[in-house]
Amino acid sequence: MITLQNINKKFGKLQVLQNVNLKFNAGECIALIGPNGCGKTTLIKSILGMVLPDSGDILFNKESILRKFEYRNNIGYMPQIGRYPDHMTIGQIIAMIKQIRNSKDILDEDLVKAFKLDKMDDKQMRTLSGGTTQKVSATLAFLFNPDVLILDEPTAGLDPLASEILKEKIIKEKEKGKLILITSHLLSELDDMITQIIFMQDGKVHFHRNINELLESTGEIKISKAISKILKQKSHEQDH
Amino acid sequence: MNRIIKIVLLDILKNKIVLSYTFVLALLSWGSFGLEDNSAKGLLTILNVILFTVPLVSILFSTIYIYNSSEFIELLLSQPLRRKKIWISLFAGLSIAMILAFLLGAGIPLVINAPDASGVMMLLSGCLISAVFVSLAFLSCILTRDKAKGIGVAIMFWMYFAILFDALVLFLLFQFAEYPIEEAMVGVTALSPIDLARIQILLHLDQSAMMGYTGAIFKDFFGTTIGLIISFFLLILWIAIPFFISVRKFNKKDL
Amino acid sequence: MKILLCLCFSFFFTCLHSQKIEVGKNRAIKTIKKAIQLANPGDTVLVYKGVYREGNIVIDKKIILQGIGFPILDGQKKYEVVSIKADSVTIEGFKVINSGYASLNDPCGIKIYNKTGVTIKENILENNFFGIYVQKGIGCIIKNNTIKAHQKQEQRIGNGIHCWKSENLQIVGNQVSGHRDGIYFEFVSNSIIWRNISKSNIRYGLHFMFSNDDSYISNVFKNNGAGVAVMFTKNVKMFHNYFAENWGDAAYGLLLKEISDSYIIGNKFIRNTSGIYMEGTSRVALSKNIFRDNGWGMKIQASCMENEISFNNFIANTFDISTNGSLVLNHFNNNYWDKYEGYDLNKDGIGDVPFHPLSLFAVLTENNPSAMLLFRSFMITLLDKSEKILPSITPDNFVDQTPEMKSLVL
């Protein structure tokens, strides 16, 4: 569904993405993991068109997205830190995005209800806690029933209850056959959701594997264990 | 496009700074027309407002507003919107807001107290100058990512056009007083939107002095309909070019 | 009583003897020339409506030539239309058009040749080279005539009312437009110019030289190519005239050159490039005048001295005063300056702080006219303000010590 071909990106002298080639298919739930500053967010922003790659191409449904915008109709994005105009209220933000999208499709307001946002309609954004802001972000991402969901650290800052609600929602959407892209460094959270995993380091893709295959090859049950095993192996190889 | 302009415009019109800007303009204008027995002095006050306050407030407010809207811009960018459209909408919203503030604050007393050619010229110039400096604000925002630096650039722009440019022209005039530089000087004024507006207003305000001016450059260039059209065309270029540059840069910007 | 009776009688006698000769298409006499030939001194020649193309009509007898319904005297662009060569002639009620034009012998609509007591009144003069020309006239009256021309080129047109080497003239209630100079005086003395309107002339509305002891009262000089210029004259009295809308780089409401011992009082200078331009002028009292909406209220060249400028209103001028030197030998007092920003603590109506009417920028533009380009820019306003506080370039004795707080009722 989304294909990244030879993506390179530099910020000044810093090479943030280096020859990234990836392919994401519908119905998958893909975890994008890696240490801080490895280029996860940049990768996501490239897909969203917020960061323009220096070279390479990104295809969405086999069409290049560079200098296009319509494809974003099919993407719901939840940023790592949702930043919204301070003086707008939750209700205004949601209404505004609805206005901008001007979508005629049926809206998915599950999360509005689940997070009880409809009861806080006239709270200003700057008065909200980080967690509540994340709830708004999540709601906005799912609101228009997009084919692709890009979630940047979705559960960071959410309380366990809300976190659970969101997870359930993600699984539900995955089962509908949507492509879900999650970045996270909390590997433990991902266990029961994801089908594929991408590990990035220093702007490069270390590996891209199916979960089942990964667990089998390492003989572990938990993803976090499996990954650390692989990493150890790799560094071992490098040492030699 | 209209939806975003509407959102931006409503947001700015609720802004306390814009409201107080309108209020201060109104206070100044009504005050100066009310205090003096001849309307010429009131007009002079408004002229100074147009040449000084309007550019300053337009560029500073716009610059700060754009920086403060970075979240909003990011939010919009993740939506299915063309980048250009976001930027143009922001510009349109800000320009309309600044022009509205000027019209409400200074325009109404102007129309009531001086409903003649100089009043109309001031009204037009004030609107154009507002838009020019909003446009320059967009340029200064796109030149640097850092808010403090961006505001610095904006203030520099304003200082340059409101004060330094004239000092430079004055210096040139006296350095080359022996040479026939009048025509060249007419060309030089095109390099400052404030000067363009000022001279057009002056031609109506100080008609007697200007029409009798020795070099006849005023009469023969600025005073003609063609001169007027060229002046306004140049002012529109002053709106279009900085903004156009900022659009191009914004299209390539990483957020 | 006897004398009175005698006077009455003699009056009656003259009346009885003066005849009326009628000229017209349907009258016995068809031409004016014929009528003049037939007339005796003291007769009245009545001319009825019609067009008379008789070349040059010479009036060489003391007669009254009176038009009824404005008969047209057409010079066909070849002749001087009417030449007055007798004393005490009256000519009235004609429409005199199309005099010849040349630059050598100055053909006129109506010309007085060295005569006394001629009256020219209520005529309309159109498209003549010169309108009315008084050459060495004494005690002549030019009254209520309308003089118009439509030439555009200065060389191809003469003056509206042209007076040369004359005295005791009365120029009253005439309207002159489209000529080179509206009213022109050279070596004319002891005359009065009253209630004339001279506008849209190619050069000056009023132009005089070497014409001492004349009075100019309640005239209107408007929109003339170069305004009004008066030179080399003393004892001029200009009261209640209106100088307006004279625009151009060398146009002045009133140009005074080498004028002395004169009075300029109660005049209005409105919307001129320069209200008054003075050069070599001395001992002139300028008071109770209104200077409004001019580019420069007064331009006083350094060659002027001992002029007294008092009780005038300076309102909404771009510059009130400008000068080309730093020497100040003129006196300003009790004027109202709308640019004055002082205060009046003792409430006597006179500002407590002296006013410096000369702005820095006026001095700058005097030296470098192109600097006008920067007028009213923030820079210049700043410079001007600081100069007002700490005068450095402008002469500090250029000052009105007693500026009025309120505009004078004039």
# chains A, B, ... in the order shown; residues from 1 in each chain; ligands from 1
$ residues_around --residues "Ile100 (chain A)" --least-positions-apart "6" --cutoff "10 Å" --atoms "only C-alpha atoms" --output "CSV table (one decimal) with N, CA and C atoms, in the first residue's frame"
chain,number,residue,atom,x,y,z
A,94,ILE,N,-12.2,19.8,16.9
A,94,ILE,CA,-12.8,18.7,16.2
A,94,ILE,C,-13.7,19.2,15.1
B,1,MET,N,-10.3,26.6,0.4
B,1,MET,CA,-9.5,27.7,0.8
B,1,MET,C,-10.3,28.6,1.8
B,2,ASN,N,-11.6,28.9,1.4
B,2,ASN,CA,-12.3,29.8,2.2
B,2,ASN,C,-12.5,29.4,3.7
B,3,ARG,N,-12.6,28.0,3.8
B,3,ARG,CA,-12.9,27.5,5.2
B,3,ARG,C,-11.7,27.9,6.1
B,4,ILE,N,-10.5,27.7,5.6
B,4,ILE,CA,-9.3,28.0,6.4
B,4,ILE,C,-9.2,29.5,6.6
B,7,ILE,N,-11.5,30.4,9.3
B,7,ILE,CA,-11.0,29.9,10.6
B,7,ILE,C,-10.0,30.9,11.1
B,76,LEU,N,-2.7,21.3,10.2
B,76,LEU,CA,-3.3,21.4,8.9
B,76,LEU,C,-2.5,20.6,7.9
B,79,GLN,N,-3.4,17.2,7.4
B,79,GLN,CA,-4.7,17.0,6.7
B,79,GLN,C,-4.6,17.1,5.2
B,80,PRO,N,-5.5,16.6,4.5
B,80,PRO,CA,-5.4,16.6,3.0
B,80,PRO,C,-5.6,18.0,2.5
B,81,LEU,N,-4.5,18.8,2.7
B,81,LEU,CA,-4.6,20.2,2.2
B,81,LEU,C,-3.3,20.5,1.4
$ closest_atom_pairs --of "chain A" --to "chain B" --cutoff "7 Å" --atoms "only C-alpha atoms" --output "CSV"
residue,atom,partner,partner_atom,distance
A:Leu48,CA,B:Ser78,CA,6.2
A:Met50,CA,B:Leu255,CA,5.5
A:Val51,CA,B:Asp254,CA,4.4
A:Leu52,CA,B:Asp254,CA,6.2
A:Phe69,CA,B:Pro80,CA,5.2
A:Glu70,CA,B:Pro80,CA,5.4
A:Tyr71,CA,B:Pro80,CA,6.9
A:Arg72,CA,B:Pro80,CA,4.6
A:Asn73,CA,B:Pro80,CA,5.2
A:Tyr77,CA,B:Ser78,CA,6.8
A:Arg83,CA,B:Glu71,CA,5.2
A:Tyr84,CA,B:Glu71,CA,5.5
A:Pro85,CA,B:Phe72,CA,5.7
A:Ile100,CA,B:Arg3,CA,6.8
$ write_last_selection --atoms "C-alpha atoms" --output "mmCIF file, in the first residue's frame"
data_model
loop_
_atom_site.group_PDB
_atom_site.id
_atom_site.type_symbol
_atom_site.label_atom_id
_atom_site.label_comp_id
_atom_site.auth_asym_id
_atom_site.auth_seq_id
_atom_site.Cartn_x
_atom_site.Cartn_y
_atom_site.Cartn_z
ATOM 1 C CA LEU A 48 2.803 12.564 5.617
ATOM 2 C CA MET A 50 5.654 17.225 6.220
ATOM 3 C CA VAL A 51 9.296 16.419 5.602
ATOM 4 C CA LEU A 52 10.418 16.360 2.013
ATOM 5 C CA PHE A 69 -1.949 16.125 -0.871
ATOM 6 C CA GLU A 70 -5.128 14.248 -1.773
ATOM 7 C CA TYR A 71 -3.702 10.945 -0.541
ATOM 8 C CA ARG A 72 -3.781 12.327 2.996
ATOM 9 C CA ASN A 73 -7.533 11.843 2.894
ATOM 10 C CA TYR A 77 -2.192 10.736 11.943
ATOM 11 C CA ARG A 83 0.166 20.636 19.572
ATOM 12 C CA TYR A 84 -2.951 22.611 18.976
ATOM 13 C CA PRO A 85 -3.830 26.291 18.892
ATOM 14 C CA ILE A 100 -11.416 21.093 6.662
#
$ interface_residues --of "chain C" --to "chain B" --cutoff "8 Å" --atoms "only C-alpha atoms" --output "list of chain:residue names"
C:Glu245, C:Trp247, C:Gly248, C:Asp249, C:Ala250, C:Ala251, C:Arg271, C:Asn272, C:Thr273, C:Ser274, C:Asp293, C:Asn294, C:Gly295, C:Trp296, C:Ala316, C:Asn317, C:Thr318, C:Asn368, C:Pro369, C:Ser370, C:Ala371, C:Met372, C:Leu373, C:Leu374, C:Arg376, C:Ser377, C:Phe378, C:Met379
$ residues_around --residues "Lys62 (chain A)" --least-positions-apart "6" --cutoff "12 Å" --atoms "only C-alpha atoms" --output "ChimeraX atom specification"
/A:1-5,23-25,71
$ write_last_selection --atoms "C-alpha atoms" --output "short mmCIF file (atom, residue, chain, number, x, y, z; two decimals), in the first residue's frame"
data_model
loop_
_atom_site.label_atom_id
_atom_site.label_comp_id
_atom_site.auth_asym_id
_atom_site.auth_seq_id
_atom_site.Cartn_x
_atom_site.Cartn_y
_atom_site.Cartn_z
CA MET A 1 0.00 0.00 0.00
CA ILE A 2 2.85 2.34 0.87
CA THR A 3 6.26 1.90 -0.67
CA LEU A 4 9.38 3.84 0.24
CA GLN A 5 12.12 3.76 -2.35
CA LYS A 23 6.94 -1.70 1.89
CA PHE A 24 3.78 -1.61 3.96
CA ASN A 25 0.71 -3.63 3.05
CA TYR A 71 -3.70 10.95 -0.54
#
$ residues_around --residues "Tyr277 (chain C)" --least-positions-apart "4" --cutoff "6 Å" --atoms "only C-alpha atoms" --output "list of chain:residue names"
C:Leu255, C:Met298, C:Lys299
$ write_last_selection --atoms "N, CA and C atoms" --output "PDB file, in the first residue's frame"
ATOM      1  N   LEU C 255       4.434  87.930  -6.415  1.00  0.00           N
ATOM      2  CA  LEU C 255       5.879  88.079  -6.452  1.00  0.00           C
ATOM      3  C   LEU C 255       6.231  89.547  -6.265  1.00  0.00           C
ATOM      4  N   MET C 298       5.247  82.091   2.653  1.00  0.00           N
ATOM      5  CA  MET C 298       6.062  83.190   2.154  1.00  0.00           C
ATOM      6  C   MET C 298       7.473  82.698   1.894  1.00  0.00           C
ATOM      7  N   LYS C 299       8.013  83.091   0.775  1.00  0.00           N
ATOM      8  CA  LYS C 299       9.428  82.850   0.538  1.00  0.00           C
ATOM      9  C   LYS C 299      10.116  84.202   0.618  1.00  0.00           C
TER      10      LYS C 299
END
$ residues_around --residues "Lys222 (chain A)" --least-positions-apart "5" --cutoff "8 Å" --atoms "only C-alpha atoms" --output "MDAnalysis selection string"
chainID A and resid 188 191 215
$ closest_residue --among "A:Arg209, A:Lys98, A:Lys10, A:Lys123" --to "Ser55 (chain A)" --atoms "only C-alpha atoms"
A:Lys10
$ residues_around --residues "region 63-70 of chain C" --least-positions-apart "5" --cutoff "7 Å" --atoms "only C-alpha atoms" --output "MDAnalysis selection string"
chainID C and resid 41:49 89:95
$ write_last_selection --atoms "C-alpha atoms" --output "CSV table (one decimal), in the first residue's frame"
chain,number,residue,atom,x,y,z
C,41,PRO,CA,-18.4,116.7,-30.6
C,42,GLY,CA,-20.9,115.8,-27.8
C,43,ASP,CA,-23.1,113.7,-29.9
C,44,THR,CA,-24.1,110.2,-29.1
C,45,VAL,CA,-23.8,107.5,-31.8
C,46,LEU,CA,-26.2,104.6,-31.1
C,47,VAL,CA,-25.2,101.4,-32.8
C,48,TYR,CA,-27.8,98.7,-33.1
C,49,LYS,CA,-27.3,95.0,-33.1
C,89,VAL,CA,-14.7,109.7,-25.5
C,90,THR,CA,-17.1,107.1,-24.1
C,91,ILE,CA,-17.5,103.7,-25.7
C,92,GLU,CA,-19.9,101.2,-24.2
C,93,GLY,CA,-21.9,98.2,-24.9
C,94,PHE,CA,-20.0,96.7,-27.8
C,95,LYS,CA,-18.6,93.3,-28.5
$ closest_residue --among "C:Ser322, C:Asn235, C:Gln301, C:Asn40" --to "Ser262 (chain C)" --atoms "only C-alpha atoms"
C:Asn235
$ atom_distance --atom1 "CA of Asn127 (chain C)" --atom2 "CA of Val176 (chain C)"
11.6 Å
